[in-house]
$ cat input_33.pdb   # PDB, C-alpha atoms
ATOM      1  CA  ASN Z1423      13.281  23.907 -14.247
ATOM      2  CA  GLU Z1424      13.761  20.315 -15.405
ATOM      3  CA  ARG Z1425      13.477  21.162 -19.079
ATOM      4  CA  THR Z1426      16.428  23.574 -18.888
ATOM      5  CA  LYS Z1427      18.496  21.687 -16.295
ATOM      6  CA  ALA Z1428      18.327  18.050 -17.472
ATOM      7  CA  GLU Z1429      20.988  18.353 -20.175
ATOM      8  CA  TRP Z1430      23.268  20.362 -17.848
ATOM      9  CA  ILE Z1431      22.993  17.799 -15.033
ATOM     10  CA  VAL Z1432      23.770  14.899 -17.363
ATOM     11  CA  GLY Z1433      26.697  16.878 -18.783
ATOM     12  CA  ARG Z1434      28.134  17.213 -15.269
ATOM     13  CA  MET Z1435      27.648  13.517 -14.605
ATOM     14  CA  LEU Z1436      29.611  12.630 -17.712
ATOM     15  CA  ALA Z1437      32.328  15.260 -17.253
ATOM     16  CA  GLU Z1438      32.920  14.683 -13.529
ATOM     17  CA  ASP Z1439      32.005  10.978 -13.318
ATOM     18  CA  ILE Z1440      29.474  11.573 -10.555
ATOM     19  CA  ASP Z1441      26.197   9.949  -9.527
ATOM     20  CA  VAL Z1442      22.962  11.884  -9.112
ATOM     21  CA  ALA Z1443      20.054  10.968  -6.834
ATOM     22  CA  LEU Z1444      16.654  12.211  -7.986
ATOM     23  CA  THR Z1445      14.191  12.592  -5.111
ATOM     24  CA  THR Z1446      10.775  14.140  -4.625
ATOM     25  CA  ASP Z1447       9.108  15.330  -1.443
ATOM     26  CA  ALA Z1448       6.303  12.779  -1.868
ATOM     27  CA  GLY Z1449       5.598   9.845  -4.148
ATOM     28  CA  THR Z1450       7.873   8.408  -6.833
ATOM     29  CA  PRO Z1451       9.911  10.608  -9.204
ATOM     30  CA  CYS Z1452       8.586  10.702 -12.793
ATOM     31  CA  ILE Z1453       5.075   9.620 -11.779
ATOM     32  CA  SER Z1454       3.061  12.848 -11.606
ATOM     33  CA  ASP Z1455       6.309  14.445 -10.425
ATOM     34  CA  PRO Z1456       9.322  15.817 -12.340
ATOM     35  CA  GLY Z1457      12.012  13.407 -13.470
ATOM     36  CA  SER Z1458      11.094  11.842 -16.799
ATOM     37  CA  LEU Z1459      13.038  14.420 -18.840
ATOM     38  CA  LEU Z1460      16.168  13.940 -16.732
ATOM     39  CA  THR Z1461      15.772  10.159 -16.908
ATOM     40  CA  ALA Z1462      15.358  10.268 -20.695
ATOM     41  CA  GLU Z1463      18.473  12.451 -21.062
ATOM     42  CA  ALA Z1464      20.503  10.043 -18.910
ATOM     43  CA  VAL Z1465      19.267   7.017 -20.890
ATOM     44  CA  LYS Z1466      20.085   8.786 -24.173
ATOM     45  CA  ASN Z1467      23.668   9.270 -22.969
ATOM     46  CA  GLY Z1468      24.137   5.686 -21.821
ATOM     47  CA  ILE Z1469      23.977   6.410 -18.083
ATOM     48  CA  PRO Z1470      22.418   3.578 -16.026
ATOM     49  CA  VAL Z1471      19.171   4.614 -14.336
ATOM     50  CA  LEU Z1472      18.221   2.616 -11.242
ATOM     51  CA  ALA Z1473      15.177   2.814  -8.999
ATOM     52  CA  VAL Z1474      15.168   2.884  -5.215
ATOM     53  CA  ALA Z1475      12.835   0.261  -3.782
ATOM     54  CA  GLY Z1476       9.282   1.582  -3.686
ATOM     55  CA  PRO Z1477       5.737   0.337  -3.105
ATOM     56  CA  THR Z1478       5.394  -1.573  -6.390
ATOM     57  CA  ALA Z1479       7.479  -2.894  -9.285
ATOM     58  CA  MET Z1480       5.163  -0.912 -11.560
ATOM     59  CA  ALA Z1481       6.261   2.419 -10.046
ATOM     60  CA  ALA Z1482       9.937   1.472 -10.239
ATOM     61  CA  ALA Z1483       9.684   0.279 -13.865
ATOM     62  CA  LEU Z1484       7.887   3.440 -14.937
ATOM     63  CA  SER Z1485      10.384   5.713 -13.189
ATOM     64  CA  VAL Z1486      13.396   4.190 -15.007
ATOM     65  CA  SER Z1487      11.708   3.708 -18.398
ATOM     66  CA  GLY Z1488      12.800   7.061 -19.830
ATOM     67  CA  LEU Z1489       9.294   7.508 -21.261
ATOM     68  CA  PRO Z1490       6.855  10.392 -20.741
ATOM     69  CA  ILE Z1491       4.523   8.781 -18.225
ATOM     70  CA  GLU Z1492       1.959  11.442 -17.408
ATOM     71  CA  GLU Z1493      -0.651   8.808 -18.273
ATOM     72  CA  PHE Z1494      -0.409   5.024 -18.187
ATOM     73  CA  THR Z1495      -2.549   1.939 -17.600
ATOM     74  CA  PHE Z1496      -1.629  -1.130 -15.541
ATOM     75  CA  TYR Z1497      -2.749  -4.570 -16.759
ATOM     76  CA  GLY Z1498      -0.755  -7.046 -14.648
ATOM     77  CA  PHE Z1499      -0.304 -10.452 -16.311
ATOM     78  CA  LEU Z1500      -1.726 -10.816 -19.834
ATOM     79  CA  PRO Z1501      -3.457 -13.911 -21.304
ATOM     80  CA  ARG Z1502      -1.200 -16.821 -22.272
ATOM     81  CA  ALA Z1503      -3.093 -18.169 -25.291
ATOM     82  CA  LYS Z1504      -1.647 -16.506 -28.384
ATOM     83  CA  GLY Z1505      -4.956 -15.609 -30.055
ATOM     84  CA  GLU Z1506      -6.388 -14.201 -26.853
ATOM     85  CA  LEU Z1507      -3.147 -12.325 -26.185
ATOM     86  CA  ARG Z1508      -3.177 -10.704 -29.627
ATOM     87  CA  GLU Z1509      -6.762  -9.562 -29.120
ATOM     88  CA  LYS Z1510      -5.878  -8.169 -25.697
ATOM     89  CA  LEU Z1511      -2.829  -6.290 -27.010
ATOM     90  CA  THR Z1512      -4.854  -4.717 -29.803
ATOM     91  CA  ALA Z1513      -7.585  -3.676 -27.388
ATOM     92  CA  ILE Z1514      -5.061  -2.191 -24.939
ATOM     93  CA  ALA Z1515      -3.266  -0.253 -27.685
ATOM     94  CA  ALA Z1516      -6.586   1.216 -28.839
ATOM     95  CA  ARG Z1517      -7.364   2.494 -25.335
ATOM     96  CA  SER Z1518      -4.017   3.664 -23.941
ATOM     97  CA  CYS Z1519      -0.675   5.181 -24.942
ATOM     98  CA  ILE Z1520       1.457   3.380 -22.350
ATOM     99  CA  ALA Z1521       0.739   0.078 -20.618
ATOM    100  CA  VAL Z1522       2.551  -1.667 -17.769
ATOM    101  CA  VAL Z1523       2.485  -5.462 -17.554
ATOM    102  CA  HIS Z1524       4.129  -8.232 -15.532
ATOM    103  CA  GLU Z1525       5.605 -11.384 -17.025
ATOM    104  CA  SER Z1526       7.525 -14.418 -15.774
ATOM    105  CA  PRO Z1527      11.129 -14.927 -16.943
ATOM    106  CA  HIS Z1528      10.135 -18.094 -18.807
ATOM    107  CA  ARG Z1529       7.391 -16.381 -20.834
ATOM    108  CA  VAL Z1530       8.744 -12.893 -21.429
ATOM    109  CA  GLN Z1531      10.251 -13.733 -24.829
ATOM    110  CA  ALA Z1532       7.004 -15.346 -26.014
ATOM    111  CA  LEU Z1533       5.138 -12.202 -24.939
ATOM    112  CA  LEU Z1534       7.533  -9.946 -26.848
ATOM    113  CA  GLU Z1535       7.328 -12.194 -29.926
ATOM    114  CA  THR Z1536       3.551 -11.747 -29.955
ATOM    115  CA  VAL Z1537       3.899  -7.984 -29.442
ATOM    116  CA  LEU Z1538       6.337  -7.873 -32.383
ATOM    117  CA  GLN Z1539       3.905  -9.783 -34.614
ATOM    118  CA  THR Z1540       0.881  -7.738 -33.536
ATOM    119  CA  LEU Z1541       2.240  -4.206 -32.974
ATOM    120  CA  PRO Z1542       5.768  -4.192 -34.463
ATOM    121  CA  HIS Z1543       6.601  -0.547 -33.698
ATOM    122  CA  THR Z1544       6.011  -0.826 -29.947
ATOM    123  CA  TYR Z1545       8.706   0.735 -27.734
ATOM    124  CA  VAL Z1546       9.584  -1.403 -24.728
ATOM    125  CA  SER Z1547      11.323  -0.798 -21.420
ATOM    126  CA  ALA Z1548      11.839  -4.274 -19.932
ATOM    127  CA  SER Z1549      13.020  -4.281 -16.301
ATOM    128  CA  CYS Z1550      14.130  -7.441 -14.521
ATOM    129  CA  ASP Z1551      14.879  -7.974 -10.810
ATOM    130  CA  LEU Z1552      14.086  -4.352 -10.007
ATOM    131  CA  THR Z1553      15.914  -2.919  -6.955
ATOM    132  CA  LYS Z1554      17.929  -6.151  -6.527
ATOM    133  CA  LYS Z1555      21.643  -6.775  -7.000
ATOM    134  CA  PHE Z1556      21.431  -7.866 -10.641
ATOM    135  CA  GLU Z1557      18.732  -5.408 -11.728
ATOM    136  CA  SER Z1558      18.673  -4.704 -15.459
ATOM    137  CA  THR Z1559      16.561  -2.663 -17.854
ATOM    138  CA  VAL Z1560      16.601  -3.047 -21.635
ATOM    139  CA  ARG Z1561      14.994  -0.275 -23.675
ATOM    140  CA  GLY Z1562      14.212   0.093 -27.372
ATOM    141  CA  GLU Z1563      11.946  -1.064 -30.177
ATOM    142  CA  VAL Z1564      10.319  -4.397 -29.366
ATOM    143  CA  GLY Z1565      12.408  -6.283 -31.945
ATOM    144  CA  ALA Z1566      15.680  -4.976 -30.490
ATOM    145  CA  VAL Z1567      14.637  -5.761 -26.902
ATOM    146  CA  LEU Z1568      13.576  -9.279 -27.906
ATOM    147  CA  GLU Z1569      16.933  -9.841 -29.617
ATOM    148  CA  ALA Z1570      18.796  -8.605 -26.526
ATOM    149  CA  LEU Z1571      16.927 -11.061 -24.310
ATOM    150  CA  ARG Z1572      17.523 -13.928 -26.746
ATOM    151  CA  ASN Z1573      21.255 -13.193 -26.625
ATOM    152  CA  ASN Z1574      21.354 -12.997 -22.827
ATOM    153  CA  PRO Z1575      21.886 -16.470 -21.274
ATOM    154  CA  LYS Z1576      20.579 -15.170 -17.937
ATOM    155  CA  ALA Z1577      17.413 -13.568 -19.344
ATOM    156  CA  ASP Z1578      15.262 -16.357 -17.897
ATOM    157  CA  ARG Z1579      16.075 -15.380 -14.305
ATOM    158  CA  GLY Z1580      14.090 -12.849 -12.317
ATOM    159  CA  GLU Z1581      10.603 -11.441 -12.734
ATOM    160  CA  TYR Z1582       9.904  -8.830 -15.439
ATOM    161  CA  CYS Z1583       7.934  -5.611 -15.396
ATOM    162  CA  LEU Z1584       7.500  -4.142 -18.878
ATOM    163  CA  VAL Z1585       6.467  -0.660 -19.924
ATOM    164  CA  LEU Z1586       4.987  -0.695 -23.435
ATOM    165  CA  GLN Z1587       4.538   2.461 -25.488
ATOM    166  CA  TRP Z1588       2.248   1.791 -28.435
ATOM    167  CA  ARG Z1589       3.454   3.444 -31.659
ATOM    168  CA  ASP Z1590       1.250   1.582 -34.132
ATOM    169  CA  LYS Z1591      -2.026   3.268 -35.056
ATOM    170  CA  VAL Z1592      -4.885   1.125 -33.789
ATOM    171  CA  GLU Z1593      -8.484   2.156 -34.301
ATOM    172  CA  PRO Z1594     -10.925   1.311 -31.495
ATOM    173  CA  SER Z1595     -13.166  -1.543 -32.582
ATOM    174  CA  ALA Z1596     -16.802  -0.662 -33.138
ATOM    175  CA  PRO Z1597     -19.274  -2.270 -30.724
ATOM    176  CA  PRO Z1598     -21.190  -5.173 -32.278
ATOM    177  CA  ALA Z1599     -24.432  -4.168 -33.926
ATOM    178  CA  GLU Z1600     -27.475  -5.028 -31.840
ATOM    179  CA  ILE Z1601     -29.891  -7.413 -33.562
ATOM    180  CA  SER Z1602     -33.518  -6.401 -33.214
ATOM    181  CA  LEU Z1603     -36.105  -8.763 -31.733
ATOM    182  CA  GLU Z1604     -37.953  -8.788 -35.052
ATOM    183  CA  ALA Z1605     -34.820  -9.887 -36.914
ATOM    184  CA  ARG Z1606     -34.135 -12.662 -34.375
ATOM    185  CA  LEU Z1607     -37.776 -13.806 -34.645
ATOM    186  CA  PHE Z1608     -37.552 -13.926 -38.446
ATOM    187  CA  GLU Z1609     -34.221 -15.812 -38.259
ATOM    188  CA  GLY Z1610     -35.855 -18.522 -36.155
ATOM    189  CA  ILE Z1611     -38.668 -18.951 -38.683
ATOM    190  CA  VAL Z1612     -36.162 -19.106 -41.574
ATOM    191  CA  ASN Z1613     -34.321 -21.847 -39.676
ATOM    192  CA  GLY Z1614     -37.471 -23.993 -39.565
ATOM    193  CA  LEU Z1615     -39.065 -22.996 -36.253
ATOM    194  CA  SER Z1616     -42.727 -22.211 -35.937
ATOM    195  CA  LEU Z1617     -43.735 -18.685 -34.905
ATOM    196  CA  ARG Z1618     -44.449 -19.963 -31.360
ATOM    197  CA  GLN Z1619     -41.113 -21.811 -31.165
ATOM    198  CA  SER Z1620     -39.225 -18.777 -32.410
ATOM    199  CA  MET Z1621     -40.915 -16.580 -29.803
ATOM    200  CA  ASP Z1622     -40.058 -19.108 -27.070
ATOM    201  CA  GLU Z1623     -36.374 -18.949 -28.131
ATOM    202  CA  LEU Z1624     -36.346 -15.177 -27.667
ATOM    203  CA  ILE Z1625     -37.446 -15.316 -24.053
ATOM    204  CA  ARG Z1626     -35.065 -18.069 -22.941
TER     205      ARG Z1626
END
$ encode --input "input_33.pdb" --output "structure tokens"
Amino acid sequence: NERTKAEWIVGRMLAEDIDVALTTDAGTPCISDPGSLLTAEAVKNGIPVLAVAGPTAMAAALSVSGLPIEEFTFYGFLPRAKGELREKLTAIAARSCIAVVHESPHRVQALLETVLQTLPHTYVSASCDLTKKFESTVRGEVGAVLEALRNNPKADRGEYCLVLQWRDKVEPSAPPAEISLEARLFEGIVNGLSLRQSMDELIR
């Protein structure tokens, strides 16, 4: 009954100034269990959503993201080199709707800058110090989240777990065309090799 009850529960929270604990009989709420609609409604109304400590930061970050997380992919830490990172982001966005990644506090802004340049319409839920005293989650378009972190003097403290929802259309790249043996043989001859030398190159 989540679809019909979420708005009513949040209305009570606002009207009566009460807290609500969302629990499930197994696993983590919102991950293959109800909860994402209630979480999204709370986020929409400015109510803080916090996670109880669980088995992984990934599960906690997903459960408080306010995103529909029926399907997601976990990638851990992404490449540091900018060119390699851009290629990785594009490949991830072509294969998945939502990705979860880790990043250090000293590199999180650089990561978001590259996301903004590569996939500017990405929606981000950036959680820091999950389940700790100074836990925080910033949600919104990647540009807005990046600006919030830039304006936060304490943004470089605590580890980050980010949930990225790709909203830019990315076409899967076509696999490279396979070059036939005949074409490779001919290329060797064109480049000055004898027929025997060109054949030797093929079997190396």
$ closest_residue --input "input_33.pdb" --among "Z:Glu1509, Z:Glu1557, Z:Asp1578, Z:Glu1463" --to "His1528 of chain Z" --atoms "all atoms listed in the file"
Z:Asp1578
$ residues_around --input "input_33.pdb" --residues "Asn1423 of chain Z" --least-positions-apart "2" --cutoff "12 Å" --atoms "all atoms listed in the file" --output "ChimeraX atom specification"
/Z:1425-1431,1456-1457,1459-1460
$ closest_residue --input "input_33.pdb" --among "Z:Val1530, Z:Ala1473, Z:Ile1611, Z:Cys1519" --to "Asp1590 of chain Z" --atoms "all atoms listed in the file"
Z:Cys1519
$ closest_residue --input "input_33.pdb" --among "Z:Leu1484, Z:Gly1565, Z:Val1432, Z:Ala1462" --to "Thr1450 of chain Z" --atoms "only C-alpha atoms"
Z:Leu1484
$ residues_around --input "input_33.pdb" --residues "Lys1510 of chain Z" --least-positions-apart "4" --cutoff "9 Å" --atoms "all atoms listed in the file" --output "PyMOL selection string"
chain Z and resi 1500-1501+1505-1506+1514-1515
$ atom_distance --input "input_33.pdb" --atom1 "atom CA of Asp1551 of chain Z" --atom2 "atom CA of Phe1499 of chain Z"
16.3 Å
$ resolve_selection --input "input_33.pdb" --expression "the PyMOL selection byres ((chain Z and resi 1548) around 8)" --output "list in words"
Ala1483, Val1546, Ser1547, Ser1549, Cys1550, Thr1559, Val1560, Arg1561, Val1567, Tyr1582, Cys1583, Leu1584 and Val1585 of chain Z
$ closest_residue --input "input_33.pdb" --among "Z:Asn1467, Z:Thr1553, Z:Ser1454, Z:Thr1512" --to "Thr1540 of chain Z" --atoms "only C-alpha atoms"
Z:Thr1512
$ closest_residue --input "input_33.pdb" --among "Z:Gln1619, Z:Asn1613, Z:Thr1544, Z:Thr1461" --to "Val1592 of chain Z" --atoms "only C-alpha atoms"
Z:Thr1544
$ closest_residue --input "input_33.pdb" --among "Z:Tyr1497, Z:Thr1446, Z:Ser1602, Z:Gln1531" --to "Ala1570 of chain Z" --atoms "only C-alpha atoms"
Z:Gln1531
$ atom_distance --input "input_33.pdb" --atom1 "atom CA of Arg1579 of chain Z" --atom2 "atom CA of Pro1527 of chain Z"
5.6 Å
$ atom_distance --input "input_33.pdb" --atom1 "atom CA of Gln1587 of chain Z" --atom2 "atom CA of Leu1489 of chain Z"
8.1 Å
$ resolve_selection --input "input_33.pdb" --expression "the PyMOL selection byres ((chain Z and resi 1520) around 7)" --output "short mmCIF file (atom, residue, chain, number, x, y, z; two decimals) with C-alpha atoms, in the frame of the given file"
data_model
loop_
_atom_site.label_atom_id
_atom_site.label_comp_id
_atom_site.auth_asym_id
_atom_site.auth_seq_id
_atom_site.Cartn_x
_atom_site.Cartn_y
_atom_site.Cartn_z
CA PHE Z 1494 -0.41 5.02 -18.19
CA THR Z 1495 -2.55 1.94 -17.60
CA SER Z 1518 -4.02 3.66 -23.94
CA CYS Z 1519 -0.68 5.18 -24.94
CA ALA Z 1521 0.74 0.08 -20.62
CA VAL Z 1522 2.55 -1.67 -17.77
CA VAL Z 1585 6.47 -0.66 -19.92
CA LEU Z 1586 4.99 -0.70 -23.44
CA GLN Z 1587 4.54 2.46 -25.49
CA TRP Z 1588 2.25 1.79 -28.44
#
$ build_atoms --input "input_33.pdb" --residues "segment 1484-1495 of chain Z" --atoms "all heavy atoms" --output "PDB file, in the frame of the given file"
ATOM      1  N   LEU Z1484       8.262   2.197 -14.270  1.00  0.00           N
ATOM      2  CA  LEU Z1484       7.887   3.440 -14.937  1.00  0.00           C
ATOM      3  C   LEU Z1484       8.940   4.518 -14.726  1.00  0.00           C
ATOM      4  O   LEU Z1484       9.316   5.243 -15.655  1.00  0.00           O
ATOM      5  CB  LEU Z1484       6.536   3.929 -14.419  1.00  0.00           C
ATOM      6  CG  LEU Z1484       5.304   3.194 -14.930  1.00  0.00           C
ATOM      7  CD1 LEU Z1484       4.093   3.501 -14.052  1.00  0.00           C
ATOM      8  CD2 LEU Z1484       5.000   3.572 -16.378  1.00  0.00           C
ATOM      9  N   SER Z1485       9.468   4.620 -13.501  1.00  0.00           N
ATOM     10  CA  SER Z1485      10.384   5.713 -13.189  1.00  0.00           C
ATOM     11  C   SER Z1485      11.723   5.583 -13.906  1.00  0.00           C
ATOM     12  O   SER Z1485      12.398   6.584 -14.125  1.00  0.00           O
ATOM     13  CB  SER Z1485      10.603   5.801 -11.675  1.00  0.00           C
ATOM     14  OG  SER Z1485      11.322   4.685 -11.183  1.00  0.00           O
ATOM     15  N   VAL Z1486      12.115   4.366 -14.303  1.00  0.00           N
ATOM     16  CA  VAL Z1486      13.396   4.190 -15.007  1.00  0.00           C
ATOM     17  C   VAL Z1486      13.211   3.956 -16.505  1.00  0.00           C
ATOM     18  O   VAL Z1486      14.181   3.726 -17.220  1.00  0.00           O
ATOM     19  CB  VAL Z1486      14.217   3.027 -14.404  1.00  0.00           C
ATOM     20  CG1 VAL Z1486      14.480   3.267 -12.929  1.00  0.00           C
ATOM     21  CG2 VAL Z1486      13.537   1.677 -14.629  1.00  0.00           C
ATOM     22  N   SER Z1487      11.980   4.032 -16.989  1.00  0.00           N
ATOM     23  CA  SER Z1487      11.708   3.708 -18.398  1.00  0.00           C
ATOM     24  C   SER Z1487      12.256   4.746 -19.370  1.00  0.00           C
ATOM     25  O   SER Z1487      12.538   4.428 -20.524  1.00  0.00           O
ATOM     26  CB  SER Z1487      10.201   3.558 -18.622  1.00  0.00           C
ATOM     27  OG  SER Z1487       9.541   4.812 -18.466  1.00  0.00           O
ATOM     28  N   GLY Z1488      12.377   5.999 -18.920  1.00  0.00           N
ATOM     29  CA  GLY Z1488      12.800   7.061 -19.830  1.00  0.00           C
ATOM     30  C   GLY Z1488      11.683   7.537 -20.737  1.00  0.00           C
ATOM     31  O   GLY Z1488      11.928   8.288 -21.687  1.00  0.00           O
ATOM     32  N   LEU Z1489      10.450   7.125 -20.450  1.00  0.00           N
ATOM     33  CA  LEU Z1489       9.294   7.508 -21.261  1.00  0.00           C
ATOM     34  C   LEU Z1489       8.491   8.612 -20.575  1.00  0.00           C
ATOM     35  O   LEU Z1489       8.530   8.740 -19.355  1.00  0.00           O
ATOM     36  CB  LEU Z1489       8.393   6.302 -21.502  1.00  0.00           C
ATOM     37  CG  LEU Z1489       8.970   5.204 -22.395  1.00  0.00           C
ATOM     38  CD1 LEU Z1489       8.112   3.951 -22.335  1.00  0.00           C
ATOM     39  CD2 LEU Z1489       9.094   5.696 -23.833  1.00  0.00           C
ATOM     40  N   PRO Z1490       7.760   9.401 -21.342  1.00  0.00           N
ATOM     41  CA  PRO Z1490       6.855  10.392 -20.741  1.00  0.00           C
ATOM     42  C   PRO Z1490       5.645   9.672 -20.161  1.00  0.00           C
ATOM     43  O   PRO Z1490       4.834   9.128 -20.898  1.00  0.00           O
ATOM     44  CB  PRO Z1490       6.457  11.274 -21.934  1.00  0.00           C
ATOM     45  CG  PRO Z1490       6.616  10.388 -23.134  1.00  0.00           C
ATOM     46  CD  PRO Z1490       7.730   9.445 -22.816  1.00  0.00           C
ATOM     47  N   ILE Z1491       5.530   9.647 -18.860  1.00  0.00           N
ATOM     48  CA  ILE Z1491       4.523   8.781 -18.225  1.00  0.00           C
ATOM     49  C   ILE Z1491       3.486   9.579 -17.454  1.00  0.00           C
ATOM     50  O   ILE Z1491       3.091   9.208 -16.350  1.00  0.00           O
ATOM     51  CB  ILE Z1491       5.194   7.737 -17.321  1.00  0.00           C
ATOM     52  CG1 ILE Z1491       6.206   8.407 -16.373  1.00  0.00           C
ATOM     53  CG2 ILE Z1491       5.876   6.666 -18.154  1.00  0.00           C
ATOM     54  CD1 ILE Z1491       6.791   7.468 -15.359  1.00  0.00           C
ATOM     55  N   GLU Z1492       3.043  10.685 -18.053  1.00  0.00           N
ATOM     56  CA  GLU Z1492       1.959  11.442 -17.408  1.00  0.00           C
ATOM     57  C   GLU Z1492       0.689  10.602 -17.310  1.00  0.00           C
ATOM     58  O   GLU Z1492      -0.108  10.743 -16.390  1.00  0.00           O
ATOM     59  CB  GLU Z1492       1.655  12.724 -18.189  1.00  0.00           C
ATOM     60  CG  GLU Z1492       2.747  13.788 -18.118  1.00  0.00           C
ATOM     61  CD  GLU Z1492       3.852  13.547 -19.123  1.00  0.00           C
ATOM     62  OE1 GLU Z1492       3.745  12.576 -19.918  1.00  0.00           O
ATOM     63  OE2 GLU Z1492       4.827  14.317 -19.125  1.00  0.00           O
ATOM     64  N   GLU Z1493       0.508   9.700 -18.286  1.00  0.00           N
ATOM     65  CA  GLU Z1493      -0.651   8.808 -18.273  1.00  0.00           C
ATOM     66  C   GLU Z1493      -0.191   7.399 -18.612  1.00  0.00           C
ATOM     67  O   GLU Z1493       0.644   7.209 -19.492  1.00  0.00           O
ATOM     68  CB  GLU Z1493      -1.697   9.246 -19.310  1.00  0.00           C
ATOM     69  CG  GLU Z1493      -2.322  10.604 -19.026  1.00  0.00           C
ATOM     70  CD  GLU Z1493      -3.375  10.969 -20.072  1.00  0.00           C
ATOM     71  OE1 GLU Z1493      -3.814  10.059 -20.812  1.00  0.00           O
ATOM     72  OE2 GLU Z1493      -3.741  12.143 -20.138  1.00  0.00           O
ATOM     73  N   PHE Z1494      -0.729   6.416 -17.899  1.00  0.00           N
ATOM     74  CA  PHE Z1494      -0.409   5.024 -18.187  1.00  0.00           C
ATOM     75  C   PHE Z1494      -1.536   4.153 -17.639  1.00  0.00           C
ATOM     76  O   PHE Z1494      -2.350   4.600 -16.835  1.00  0.00           O
ATOM     77  CB  PHE Z1494       0.933   4.623 -17.558  1.00  0.00           C
ATOM     78  CG  PHE Z1494       0.955   4.730 -16.056  1.00  0.00           C
ATOM     79  CD1 PHE Z1494       0.548   3.666 -15.256  1.00  0.00           C
ATOM     80  CD2 PHE Z1494       1.368   5.900 -15.442  1.00  0.00           C
ATOM     81  CE1 PHE Z1494       0.542   3.779 -13.875  1.00  0.00           C
ATOM     82  CE2 PHE Z1494       1.386   6.015 -14.057  1.00  0.00           C
ATOM     83  CZ  PHE Z1494       0.976   4.945 -13.276  1.00  0.00           C
ATOM     84  N   THR Z1495      -1.552   2.893 -18.076  1.00  0.00           N
ATOM     85  CA  THR Z1495      -2.549   1.939 -17.600  1.00  0.00           C
ATOM     86  C   THR Z1495      -1.838   0.659 -17.183  1.00  0.00           C
ATOM     87  O   THR Z1495      -0.928   0.203 -17.877  1.00  0.00           O
ATOM     88  CB  THR Z1495      -3.575   1.612 -18.701  1.00  0.00           C
ATOM     89  OG1 THR Z1495      -4.073   2.833 -19.247  1.00  0.00           O
ATOM     90  CG2 THR Z1495      -4.745   0.831 -18.129  1.00  0.00           C
TER      91      THR Z1495
END
